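Undergrad: Input structure: final-v9.tsv, which contains TSV, C-alpha atoms.
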```tsv
chain	number	residue	atom	x	y	z
N	1	MET	CA	169.82	121.60	112.89
N	2	VAL	CA	171.02	119.92	116.07
N	3	GLU	CA	171.35	116.18	115.47
N	4	GLY	CA	168.35	114.20	116.77
N	5	ILE	CA	165.99	117.18	117.03
N	6	GLU	CA	163.56	115.77	114.44
N	7	GLN	CA	162.01	113.51	117.11
N	8	PHE	CA	160.60	116.68	118.73
N	9	ASN	CA	159.23	118.34	115.57
N	10	ASP	CA	155.65	118.31	116.94
N	11	ILE	CA	156.47	120.42	120.01
N	12	ARG	CA	159.80	122.24	119.63
N	13	PRO	CA	160.55	125.94	118.91
N	14	TYR	CA	161.91	126.93	115.51
N	15	GLU	CA	165.54	126.31	114.72
N	16	PRO	CA	167.62	129.20	113.26
N	17	GLU	CA	167.35	127.93	109.67
N	18	GLU	CA	163.52	127.92	109.94
N	19	MET	CA	163.13	131.49	111.15
N	20	LYS	CA	163.00	133.26	107.77
N	21	GLN	CA	160.24	130.98	106.42
N	22	ALA	CA	158.29	131.27	109.68
N	23	PHE	CA	158.49	135.07	109.49
N	24	ASN	CA	157.29	135.08	105.86
N	25	ASP	CA	154.40	132.78	106.78
N	26	LEU	CA	153.51	135.17	109.61
N	27	LEU	CA	153.40	138.17	107.28
N	28	ASN	CA	151.19	136.22	104.85
N	29	ASP	CA	148.72	135.24	107.58
N	30	ARG	CA	145.39	137.09	107.17
N	31	GLN	CA	144.53	137.13	110.87
N	32	PHE	CA	148.01	138.37	111.82
N	33	ASN	CA	147.63	141.21	109.32
N	34	LEU	CA	144.28	142.16	110.83
N	35	ILE	CA	145.94	142.35	114.27
N	36	MET	CA	148.76	144.51	112.87
N	37	LYS	CA	146.24	146.74	111.11
N	38	GLY	CA	144.67	147.46	114.50
N	39	PHE	CA	147.96	148.99	115.68
N	40	ALA	CA	148.37	151.25	112.62
N	41	PRO	CA	145.11	151.41	110.63
N	42	TRP	CA	146.37	154.41	108.60
N	43	LEU	CA	149.37	152.44	107.30
N	44	PRO	CA	148.91	150.42	104.06
N	45	LYS	CA	149.65	146.69	104.36
N	46	PHE	CA	152.66	146.79	102.03
N	47	LEU	CA	154.28	149.55	104.12
N	48	ARG	CA	153.46	147.82	107.40
N	49	ASN	CA	154.96	144.53	106.24
N	50	GLY	CA	157.87	146.38	104.64
N	51	LEU	CA	158.75	147.96	107.99
N	52	LEU	CA	158.52	144.57	109.72
N	53	ARG	CA	160.79	143.02	107.07
N	54	LEU	CA	163.26	145.86	107.58
N	55	ALA	CA	163.24	145.26	111.35
N	56	PHE	CA	163.77	141.53	110.74
N	57	ILE	CA	167.04	142.05	108.85
N	58	GLY	CA	169.85	140.32	110.76
N	59	VAL	CA	167.47	138.11	112.78
N	60	LYS	CA	168.89	134.62	112.31
N	61	SER	CA	167.68	132.77	115.41
N	62	PRO	CA	164.95	132.84	118.08
N	63	LEU	CA	167.47	134.55	120.40
N	64	ASP	CA	168.00	137.30	117.79
N	65	PHE	CA	164.22	137.63	117.52
N	66	GLN	CA	163.92	138.11	121.29
N	67	LYS	CA	166.66	140.75	121.31
N	68	ARG	CA	165.19	142.67	118.37
N	69	PHE	CA	161.46	142.49	119.08
N	70	MET	CA	160.75	141.25	122.63
N	71	LYS	CA	163.48	142.97	124.65
N	72	PRO	CA	162.24	146.55	123.96
N	73	ILE	CA	158.65	145.54	124.78
N	74	VAL	CA	159.62	143.97	128.13
N	75	GLN	CA	161.84	146.96	128.97
N	76	TYR	CA	158.84	149.24	128.34
N	77	ILE	CA	156.60	147.14	130.61
N	78	ILE	CA	159.17	147.26	133.43
N	79	ARG	CA	159.63	151.01	133.02
N	80	LYS	CA	155.90	151.75	132.80
N	81	HIS	CA	154.30	149.20	135.14
N	82	THR	CA	156.86	148.42	137.88
N	83	ASP	CA	159.15	150.30	140.25
N	84	GLY	CA	162.09	148.25	139.01
N	85	CYS	CA	162.94	144.59	138.44
N	86	CYS	CA	166.16	143.12	139.87
N	87	PHE	CA	167.95	139.77	139.91
N	88	ASP	CA	169.87	138.03	142.70
N	89	GLU	CA	172.17	135.48	141.05
N	90	SER	CA	174.61	135.22	143.99
N	91	GLN	CA	173.92	131.48	144.49
N	92	LEU	CA	174.84	130.63	140.88
N	93	PRO	CA	178.39	129.80	139.76
N	94	ALA	CA	180.49	132.72	138.53
N	95	ASP	CA	181.09	130.96	135.18
N	96	LYS	CA	178.10	132.21	133.18
N	97	GLN	CA	179.22	130.78	129.86
N	98	GLY	CA	179.68	127.16	130.90
N	99	SER	CA	176.37	126.24	132.55
N	100	ARG	CA	172.78	125.96	131.45
N	101	TYR	CA	169.91	125.87	133.94
N	102	THR	CA	166.36	124.67	134.39
N	103	PHE	CA	164.71	127.40	136.45
N	104	VAL	CA	161.75	126.07	138.48
N	105	SER	CA	159.84	128.97	140.02
N	106	ASN	CA	156.70	130.05	141.74
N	107	HIS	CA	154.15	131.36	139.24
N	108	ARG	CA	153.04	135.00	139.27
N	109	ASP	CA	152.18	135.85	135.66
N	110	ILE	CA	151.51	133.62	132.64
N	111	VAL	CA	153.32	135.98	130.23
N	112	LEU	CA	155.82	137.94	132.29
N	113	ASP	CA	157.41	135.28	134.54
N	114	SER	CA	159.68	134.08	131.74
N	115	ALA	CA	159.76	137.40	129.84
N	116	PHE	CA	161.22	139.27	132.83
N	117	LEU	CA	163.68	136.41	133.39
N	118	ASP	CA	164.83	136.63	129.75
N	119	LEU	CA	165.56	140.32	130.12
N	120	LEU	CA	167.40	139.80	133.42
N	121	LEU	CA	169.59	137.10	131.84
N	122	PHE	CA	170.38	139.52	128.99
N	123	LYS	CA	171.29	142.28	131.45
N	124	HIS	CA	173.50	140.00	133.56
N	125	ASP	CA	175.50	138.74	130.55
N	126	TYR	CA	174.24	135.17	130.35
N	127	PRO	CA	174.78	133.71	126.86
N	128	THR	CA	171.15	132.79	126.26
N	129	THR	CA	167.60	133.16	127.60
N	130	VAL	CA	165.03	130.47	128.48
N	131	GLU	CA	162.81	128.15	126.51
N	132	ILE	CA	159.32	127.77	128.00
N	133	GLY	CA	156.37	125.43	127.61
N	134	ILE	CA	153.05	126.92	126.43
N	135	GLY	CA	149.76	125.00	126.54
N	136	ASP	CA	148.31	124.29	123.11
N	137	ASN	CA	144.93	125.52	124.42
N	138	LEU	CA	146.36	129.05	124.11
N	139	LEU	CA	147.55	128.51	120.52
N	140	ILE	CA	144.10	129.12	119.03
N	141	TYR	CA	145.35	130.56	115.70
N	142	PRO	CA	148.23	129.43	113.45
N	143	TRP	CA	149.87	132.88	113.72
N	144	ILE	CA	150.01	132.62	117.53
N	145	LYS	CA	151.72	129.24	117.30
N	146	ARG	CA	154.26	130.59	114.80
N	147	LEU	CA	154.96	133.64	116.93
N	148	VAL	CA	155.56	131.73	120.18
N	149	ARG	CA	157.77	129.16	118.40
N	150	MET	CA	159.85	132.08	117.09
N	151	ASN	CA	160.07	133.23	120.71
N	152	LYS	CA	161.63	129.98	122.04
N	153	ALA	CA	158.43	128.28	123.22
N	154	PHE	CA	157.71	124.56	123.03
N	155	THR	CA	154.18	123.16	123.07
N	156	VAL	CA	152.51	121.46	126.03
N	157	ARG	CA	149.50	119.40	124.96
N	158	ARG	CA	146.33	119.81	127.04
N	159	GLY	CA	143.01	117.96	127.31
N	160	LEU	CA	144.44	114.46	126.82
N	161	SER	CA	143.42	111.02	128.02
N	162	ALA	CA	145.52	109.45	130.79
N	163	HIS	CA	147.50	107.35	128.29
N	164	GLU	CA	148.05	110.30	125.92
N	165	MET	CA	149.08	112.48	128.85
N	166	PHE	CA	151.73	109.94	129.89
N	167	GLU	CA	153.17	109.81	126.36
N	168	SER	CA	153.06	113.61	126.02
N	169	SER	CA	154.84	114.04	129.38
N	170	GLN	CA	157.55	111.60	128.32
N	171	LEU	CA	158.10	113.48	125.05
N	172	MET	CA	158.21	116.86	126.80
N	173	SER	CA	160.63	115.56	129.43
N	174	ARG	CA	162.94	114.12	126.78
N	175	TYR	CA	162.81	117.46	124.97
N	176	ILE	CA	163.71	119.43	128.12
N	177	HIS	CA	166.75	117.18	128.66
N	178	PHE	CA	167.67	117.50	124.97
N	179	ALA	CA	167.34	121.32	125.08
N	180	VAL	CA	169.62	121.65	128.12
N	181	THR	CA	172.28	119.09	127.20
N	182	LYS	CA	172.37	119.14	123.36
N	183	LYS	CA	171.00	122.56	122.35
N	184	ARG	CA	172.68	124.27	125.33
N	185	GLU	CA	169.50	126.17	126.23
N	186	ASN	CA	168.06	127.22	129.59
N	187	ILE	CA	164.51	126.17	130.52
N	188	TRP	CA	161.92	127.94	132.66
N	189	ILE	CA	159.04	125.96	134.14
N	190	ALA	CA	156.50	126.78	136.86
N	191	GLN	CA	156.60	124.69	140.04
N	192	ARG	CA	152.93	123.79	139.54
N	193	GLU	CA	150.23	123.86	136.89
N	194	GLY	CA	148.47	127.22	137.20
N	195	ARG	CA	149.13	130.00	139.67
N	196	ALA	CA	148.73	129.61	143.43
N	197	LYS	CA	145.86	132.08	143.80
N	198	ASP	CA	146.52	132.53	147.52
N	199	SER	CA	150.33	132.88	146.99
N	200	ASP	CA	150.93	129.75	149.09
N	201	ASP	CA	153.54	128.51	146.61
N	202	ARG	CA	154.12	124.72	146.62
N	203	THR	CA	155.99	122.52	144.16
N	204	GLN	CA	153.90	119.75	142.64
N	205	GLU	CA	155.66	116.39	142.79
N	206	SER	CA	154.12	115.59	139.39
N	207	VAL	CA	156.20	118.39	137.79
N	208	LEU	CA	159.40	116.89	139.20
N	209	LYS	CA	158.37	113.36	138.17
N	210	MET	CA	157.70	114.60	134.64
N	211	MET	CA	161.19	116.14	134.43
N	212	ALA	CA	162.73	112.88	135.65
N	213	MET	CA	161.07	110.82	132.87
N	214	GLY	CA	163.60	111.96	130.28
N	215	GLY	CA	166.80	111.27	132.21
N	216	ASP	CA	168.82	112.10	135.30
N	217	LEU	CA	167.52	115.22	137.07
N	218	LYS	CA	171.09	116.31	137.78
N	219	GLU	CA	171.80	116.94	134.11
N	220	LEU	CA	169.01	119.57	134.09
N	221	ASN	CA	170.91	121.67	136.65
N	222	ILE	CA	167.67	122.73	138.37
N	223	VAL	CA	167.60	126.10	140.13
N	224	PRO	CA	164.73	126.94	142.53
N	225	LEU	CA	163.74	130.49	141.55
N	226	THR	CA	161.65	132.91	143.63
N	227	ILE	CA	159.59	135.66	141.98
N	228	SER	CA	158.43	138.41	144.37
N	229	TYR	CA	155.96	141.15	143.39
N	230	GLU	CA	155.30	144.01	145.79
N	231	PHE	CA	151.75	144.25	144.40
N	232	ASP	CA	149.93	141.62	142.33
N	233	PRO	CA	147.78	143.43	139.75
N	234	CYS	CA	145.55	140.34	139.48
N	235	ASP	CA	144.89	140.11	143.23
N	236	TYR	CA	141.32	141.42	142.95
N	237	LEU	CA	140.54	139.04	140.07
N	238	LYS	CA	141.81	136.10	142.14
N	239	ALA	CA	139.72	137.23	145.14
N	240	GLN	CA	136.70	137.56	142.86
N	241	GLU	CA	137.22	134.02	141.60
N	242	PHE	CA	137.43	132.75	145.20
N	243	GLN	CA	133.97	134.20	145.89
N	244	GLN	CA	132.54	132.93	142.59
N	245	LYS	CA	133.72	129.39	143.44
N	246	ARG	CA	132.46	129.70	147.02
N	247	ASP	CA	129.00	130.75	145.81
N	248	ASN	CA	128.93	128.29	142.91
N	249	PRO	CA	131.28	125.26	143.24
N	250	ALA	CA	130.77	124.49	139.52
N	251	PHE	CA	132.05	127.94	138.44
N	252	LYS	CA	134.69	127.91	135.69
N	253	LYS	CA	136.50	130.87	134.17
N	254	SER	CA	135.67	131.78	130.57
N	255	LYS	CA	138.23	132.44	127.84
N	256	GLN	CA	137.43	136.13	128.27
N	257	ASP	CA	138.28	135.83	131.98
N	258	ASP	CA	141.66	134.34	131.01
N	259	LEU	CA	142.30	137.20	128.57
N	260	ASP	CA	141.31	139.77	131.23
N	261	ASN	CA	143.76	138.14	133.68
N	262	MET	CA	146.51	138.19	131.05
N	263	LYS	CA	145.95	141.83	130.14
N	264	THR	CA	145.72	142.94	133.80
N	265	GLY	CA	148.87	140.99	134.68
N	266	ILE	CA	150.88	142.65	131.90
N	267	PHE	CA	149.63	146.24	132.20
N	268	GLY	CA	148.77	146.42	135.92
N	269	TYR	CA	151.00	148.09	138.52
N	270	LYS	CA	153.39	145.65	140.22
N	271	GLY	CA	155.54	147.90	142.41
N	272	ARG	CA	158.99	146.41	143.02
N	273	VAL	CA	159.83	143.04	141.42
N	274	LYS	CA	162.66	140.72	142.49
N	275	TYR	CA	163.96	137.43	141.05
N	276	HIS	CA	166.08	135.38	143.47
N	277	CYS	CA	168.00	132.23	142.51
N	278	GLY	CA	168.18	129.59	145.23
N	279	ILE	CA	170.96	127.04	145.67
N	280	PRO	CA	171.03	124.73	142.59
N	281	ILE	CA	169.67	121.31	143.63
N	282	ASN	CA	172.78	119.52	142.37
N	283	GLN	CA	174.54	120.80	145.48
N	284	TRP	CA	172.26	118.80	147.78
N	285	ILE	CA	170.16	116.28	145.80
N	286	ASP	CA	172.57	113.40	146.56
N	287	GLU	CA	171.48	113.63	150.20
N	288	LEU	CA	168.11	112.23	149.07
N	289	SER	CA	169.46	109.48	146.79
N	290	GLU	CA	168.87	106.56	149.21
N	291	LEU	CA	165.15	107.32	149.69
N	292	PRO	CA	162.40	105.18	148.08
N	293	LYS	CA	161.13	106.74	144.85
N	294	ASN	CA	157.89	108.32	146.13
N	295	GLU	CA	159.55	109.64	149.27
N	296	PHE	CA	162.41	111.00	147.15
N	297	PHE	CA	160.05	113.20	145.12
N	298	ALA	CA	158.13	114.30	148.22
N	299	GLN	CA	161.36	115.33	149.97
N	300	LEU	CA	162.70	116.99	146.81
N	301	ALA	CA	159.52	119.07	146.46
N	302	GLN	CA	159.69	120.11	150.13
N	303	ARG	CA	163.37	121.05	149.90
N	304	MET	CA	162.72	123.11	146.75
N	305	ASP	CA	159.82	124.84	148.48
N	306	ARG	CA	162.12	125.74	151.34
N	307	GLU	CA	164.61	127.30	148.89
N	308	ILE	CA	161.84	129.22	147.10
N	309	HIS	CA	160.30	130.42	150.39
N	310	ARG	CA	163.68	131.54	151.74
N	311	GLY	CA	164.17	133.57	148.58
N	312	TYR	CA	161.07	135.77	148.94
N	313	THR	CA	161.68	139.48	149.02
N	314	LEU	CA	159.10	140.74	151.51
N	315	TYR	CA	157.64	144.23	151.39
N	316	PRO	CA	155.78	146.31	154.00
N	317	CYS	CA	152.42	145.21	152.56
N	318	ASN	CA	153.25	141.55	153.27
N	319	TYR	CA	153.92	142.22	156.96
N	320	ILE	CA	150.89	144.51	157.31
N	321	ALA	CA	148.64	141.81	155.83
N	322	LEU	CA	149.93	139.20	158.29
N	323	ASP	CA	149.38	141.51	161.26
N	324	GLU	CA	145.84	142.35	160.09
N	325	LEU	CA	144.95	138.67	159.73
N	326	SER	CA	146.58	137.82	163.08
N	327	GLY	CA	145.01	140.76	164.91
N	328	ASN	CA	148.34	141.90	166.36
N	329	THR	CA	151.37	144.07	165.56
N	330	ASN	CA	154.10	141.42	165.77
N	331	GLN	CA	155.58	142.47	162.42
N	332	SER	CA	155.36	146.23	163.01
N	333	SER	CA	159.14	146.70	162.88
N	334	HIS	CA	158.89	146.09	159.11
N	335	TYR	CA	156.50	148.96	158.32
N	336	ASN	CA	155.37	152.41	159.45
N	337	ALA	CA	152.14	154.41	159.51
N	338	SER	CA	152.71	155.69	155.97
N	339	ASP	CA	153.12	152.10	154.68
N	340	ARG	CA	149.84	151.13	156.39
N	341	GLN	CA	148.01	154.07	154.85
N	342	ARG	CA	149.36	153.27	151.40
N	343	PHE	CA	148.41	149.59	151.59
N	344	GLU	CA	144.93	150.40	152.90
N	345	ALA	CA	144.35	152.77	150.00
N	346	TYR	CA	145.66	150.14	147.58
N	347	LEU	CA	143.37	147.42	148.97
N	348	ASN	CA	140.31	149.67	148.81
N	349	GLY	CA	141.14	150.62	145.23
N	350	GLN	CA	141.52	146.99	144.15
N	351	LEU	CA	138.35	145.86	145.96
N	352	ALA	CA	136.40	148.67	144.24
N	353	LYS	CA	137.24	147.05	140.87
N	354	ILE	CA	135.21	143.94	141.77
N	355	LYS	CA	131.72	144.22	140.29
N	356	LEU	CA	130.02	141.08	141.58
N	357	PRO	CA	126.24	141.51	142.19
N	358	ASN	CA	126.46	139.84	145.63
N	359	LYS	CA	129.85	141.29	146.59
N	360	ASP	CA	131.03	139.99	149.98
N	361	LYS	CA	133.51	142.71	150.93
N	362	ALA	CA	134.72	141.08	154.16
N	363	PHE	CA	135.41	137.75	152.41
N	364	LEU	CA	137.14	139.43	149.45
N	365	ARG	CA	139.31	141.54	151.73
N	366	GLN	CA	140.34	138.51	153.75
N	367	LYS	CA	141.31	136.61	150.60
N	368	MET	CA	143.47	139.50	149.41
N	369	LEU	CA	145.14	139.79	152.80
N	370	GLU	CA	145.93	136.05	152.69
N	371	MET	CA	147.64	136.50	149.31
N	372	TYR	CA	150.01	139.06	150.80
N	373	ALA	CA	150.49	137.32	154.17
N	374	ASN	CA	151.29	133.79	152.94
N	375	PRO	CA	154.82	134.60	151.67
N	376	VAL	CA	155.73	135.90	155.17
N	377	LYS	CA	154.28	132.77	156.83
N	378	ASN	CA	156.19	130.52	154.43
N	379	GLN	CA	159.47	132.38	154.81
N	380	LEU	CA	159.23	132.36	158.62
N	381	ALA	CA	158.65	128.58	158.51
N	382	ALA	CA	161.55	128.05	156.05
N	383	VAL	CA	164.06	130.19	157.90
```
Just give me the structure as structure tokens.
TA:
Amino acid sequence: MVEGIEQFNDIRPYEPEEMKQAFNDLLNDRQFNLIMKGFAPWLPKFLRNGLLRLAFIGVKSPLDFQKRFMKPIVQYIIRKHTDGCCFDESQLPADKQGSRYTFVSNHRDIVLDSAFLDLLLFKHDYPTTVEIGIGDNLLIYPWIKRLVRMNKAFTVRRGLSAHEMFESSQLMSRYIHFAVTKKRENIWIAQREGRAKDSDDRTQESVLKMMAMGGDLKELNIVPLTISYEFDPCDYLKAQEFQQKRDNPAFKKSKQDDLDNMKTGIFGYKGRVKYHCGIPINQWIDELSELPKNEFFAQLAQRMDREIHRGYTLYPCNYIALDELSGNTNQSSHYNASDRQRFEAYLNGQLAKIKLPNKDKAFLRQKMLEMYANPVKNQLAAV
């Protein structure tokens, strides 16, 4: 094990020497076996587990596990549910072996944001993937916790008191610094807690302050990362939630709602997907060094937002949405009649999936248009 890692035993992913035992514990877990039985009910348990053990041969680390088990799954999702996923790394140094990064990105999908990034790093010959934080509220069974720790995830504790939250944030920040500098891992973290349901992506200062608790931000080598989907498969679910909260301010999503969002995000159609790396903050963060602490974090968040907004890849649907909301055709050079027809058909199809008893079609349509228009507004302001 890496020296000093024992201080993070409560939250860290598995180390290579722990993988075999973790895998055996997974195969001996009753609930995990019930899940596996659902995929192949005709296959006896001993054969099912025997095939998994065979597939596990040669897996000596979480990175090996990702290559063997996760990479083919993510490749299938890209092939089946997108029109391609590409990566613009032109702002990063040419030396891929020497640097590790903390990617701070806008948040599009709870599962796929980091999974797509892992695959893109594989494809572009980076030496390792990313470690990610997962809320312990999602780790409802022991087998889930084992599986995500095998997949390079560290635990983020939820539902804490203010004092516990401060201590937990300190521990997580120290771990992120340790992972980048001592373990030589990359990190992925969302710019805010939860997704921006209207796609108005803004970096929370609290996320930056948390990362600064564990040491100098410069040693994290932070890269603002922009994720652009042509179509958001969860757009109609987000619009639905907007109306539910409008009609009942006390409305809260159920666990089933969260699962529906997760499933729709993974298996829904996304069109073209683009990941764009902005200029690493180490190239400009010293310009902010003389500012008072609070103003420093405010300016840092704004500068990162500007990098993320500049990095959007905009599609015809984004420009059409802005023109529809604005009641003009100022962006018409970016689309044609066929694009308009396609987006209109898409919107109507998504809106038809909403089954609210008091469905406010005009409100729901406006909310969906805002989701697609906001990236254009933000990029125009940034550029």
Undergrad: Within 8 Å of N:Lys218, counting only C-alpha atoms, which residues qualify if same-chain residues fewer than 2 places away don't, as JSON, numbers by chain?
TA: {"N": [216, 220, 221, 222, 281, 282]}
Undergrad: Find the distance between atom CA of N:Asp235 and atom CA of N:Leu120 and write it in Å to one decimal.
TA: 24.6 Å
Undergrad: Can you tell me which residues surround N:Val2 at a distance of at most 10 Å, considering all atoms listed in the file, apart from same-chain residues fewer than 6 positions away, and format the answer as a PyMOL selection string?
TA: chain N and resi 15+178-179+182-183
Undergrad: In terms of the shortest atom-to-atom distance over only C-alpha atoms, which of N:Cys277, N:Leu322, N:Ala301, N:Leu119 is closest to N:Gln204?
TA: N:Ala301
Undergrad: Please report the interatomic distance between atom CA of N:Asn248 and atom CA of N:Ser326 in Å with one decimal.
TA: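 Calculated distance between atom CA of N:Asn248 and atom CA of N:Ser326 is 28.4 Å.
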Undergrad: Between atom CA of N:Val383 and atom CA of N:Gln191, what is the spacing in Å?
TA: 20.1 Å
Undergrad: With a distance cut-off of 12 Å and all atoms listed in the file, select the neighbouring residues of N:Lys359, excluding the residue or stretch itself and same-chain residues fewer than 2 positions from it, and output the selection as a list in words.
TA: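 The neighbour list is Ala239, Gln240, Glu241, Phe242, Gln243, Gln244, Arg246, Asp247, Leu351, Ala352, Lys353, Ile354, Lys355, Leu356, Pro357, Lys361, Ala362, Phe363, Leu364 and Arg365 of chain N.
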Undergrad: Calculated over all atoms listed in the file, which of the candidates N:Gln302, N:Ser173, N:Gln66, N:Asn261 has the smallest distance to N:Asp109?
TA: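 For N:Asp109, the nearest of the given residues is N:Asn261.
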Undergrad: Missing atoms in stretch 75-96 of chain N need filling: write out N, CA and C atoms for it as a short mmCIF file (atom, residue, chain, number, x, y, z; two decimals), in the coordinates of the input.
TA:
```
data_model
loop_
_atom_site.label_atom_id
_atom_site.label_comp_id
_atom_site.auth_asym_id
_atom_site.auth_seq_id
_atom_site.Cartn_x
_atom_site.Cartn_y
_atom_site.Cartn_z
N GLN N 75 161.24 145.79 128.32
CA GLN N 75 161.84 146.96 128.97
C GLN N 75 160.79 148.05 129.20
N TYR N 76 159.91 148.23 128.22
CA TYR N 76 158.84 149.24 128.34
C TYR N 76 157.89 148.86 129.48
N ILE N 77 157.51 147.58 129.56
CA ILE N 77 156.60 147.14 130.61
C ILE N 77 157.21 147.36 132.00
N ILE N 78 158.50 147.05 132.14
CA ILE N 78 159.17 147.26 133.43
C ILE N 78 159.21 148.75 133.77
N ARG N 79 159.54 149.56 132.78
CA ARG N 79 159.63 151.01 133.02
C ARG N 79 158.27 151.61 133.36
N LYS N 80 157.23 151.14 132.69
CA LYS N 80 155.90 151.75 132.80
C LYS N 80 155.07 151.16 133.94
N HIS N 81 155.24 149.88 134.25
CA HIS N 81 154.30 149.20 135.14
C HIS N 81 154.94 148.56 136.38
N THR N 82 156.21 148.88 136.64
CA THR N 82 156.86 148.42 137.88
C THR N 82 157.69 149.57 138.45
N ASP N 83 158.17 149.36 139.66
CA ASP N 83 159.15 150.30 140.25
C ASP N 83 160.54 149.68 140.21
N GLY N 84 160.78 148.88 139.18
CA GLY N 84 162.09 148.25 139.01
C GLY N 84 162.02 146.75 139.15
N CYS N 85 162.90 146.06 138.43
CA CYS N 85 162.94 144.59 138.44
C CYS N 85 164.40 144.19 138.57
N CYS N 86 164.75 143.47 139.65
CA CYS N 86 166.16 143.12 139.87
C CYS N 86 166.34 141.61 140.05
N PHE N 87 167.60 141.19 140.02
CA PHE N 87 167.95 139.77 139.91
C PHE N 87 169.06 139.45 140.89
N ASP N 88 168.83 138.49 141.78
CA ASP N 88 169.87 138.03 142.70
C ASP N 88 170.38 136.68 142.21
N GLU N 89 171.56 136.69 141.63
CA GLU N 89 172.17 135.48 141.05
C GLU N 89 173.33 134.99 141.92
N SER N 90 173.42 135.48 143.16
CA SER N 90 174.61 135.22 143.99
C SER N 90 174.81 133.74 144.29
N GLN N 91 173.78 132.92 144.21
CA GLN N 91 173.92 131.48 144.49
C GLN N 91 174.39 130.69 143.26
N LEU N 92 174.44 131.33 142.10
CA LEU N 92 174.84 130.63 140.88
C LEU N 92 176.35 130.73 140.69
N PRO N 93 176.95 129.75 140.01
CA PRO N 93 178.39 129.80 139.76
C PRO N 93 178.79 131.05 138.98
N ALA N 94 180.01 131.51 139.20
CA ALA N 94 180.49 132.72 138.53
C ALA N 94 180.66 132.51 137.03
N ASP N 95 180.90 131.26 136.60
CA ASP N 95 181.09 130.96 135.18
C ASP N 95 179.74 130.96 134.47
N LYS N 96 179.40 132.08 133.83
CA LYS N 96 178.10 132.21 133.18
C LYS N 96 178.05 131.52 131.82
#
```
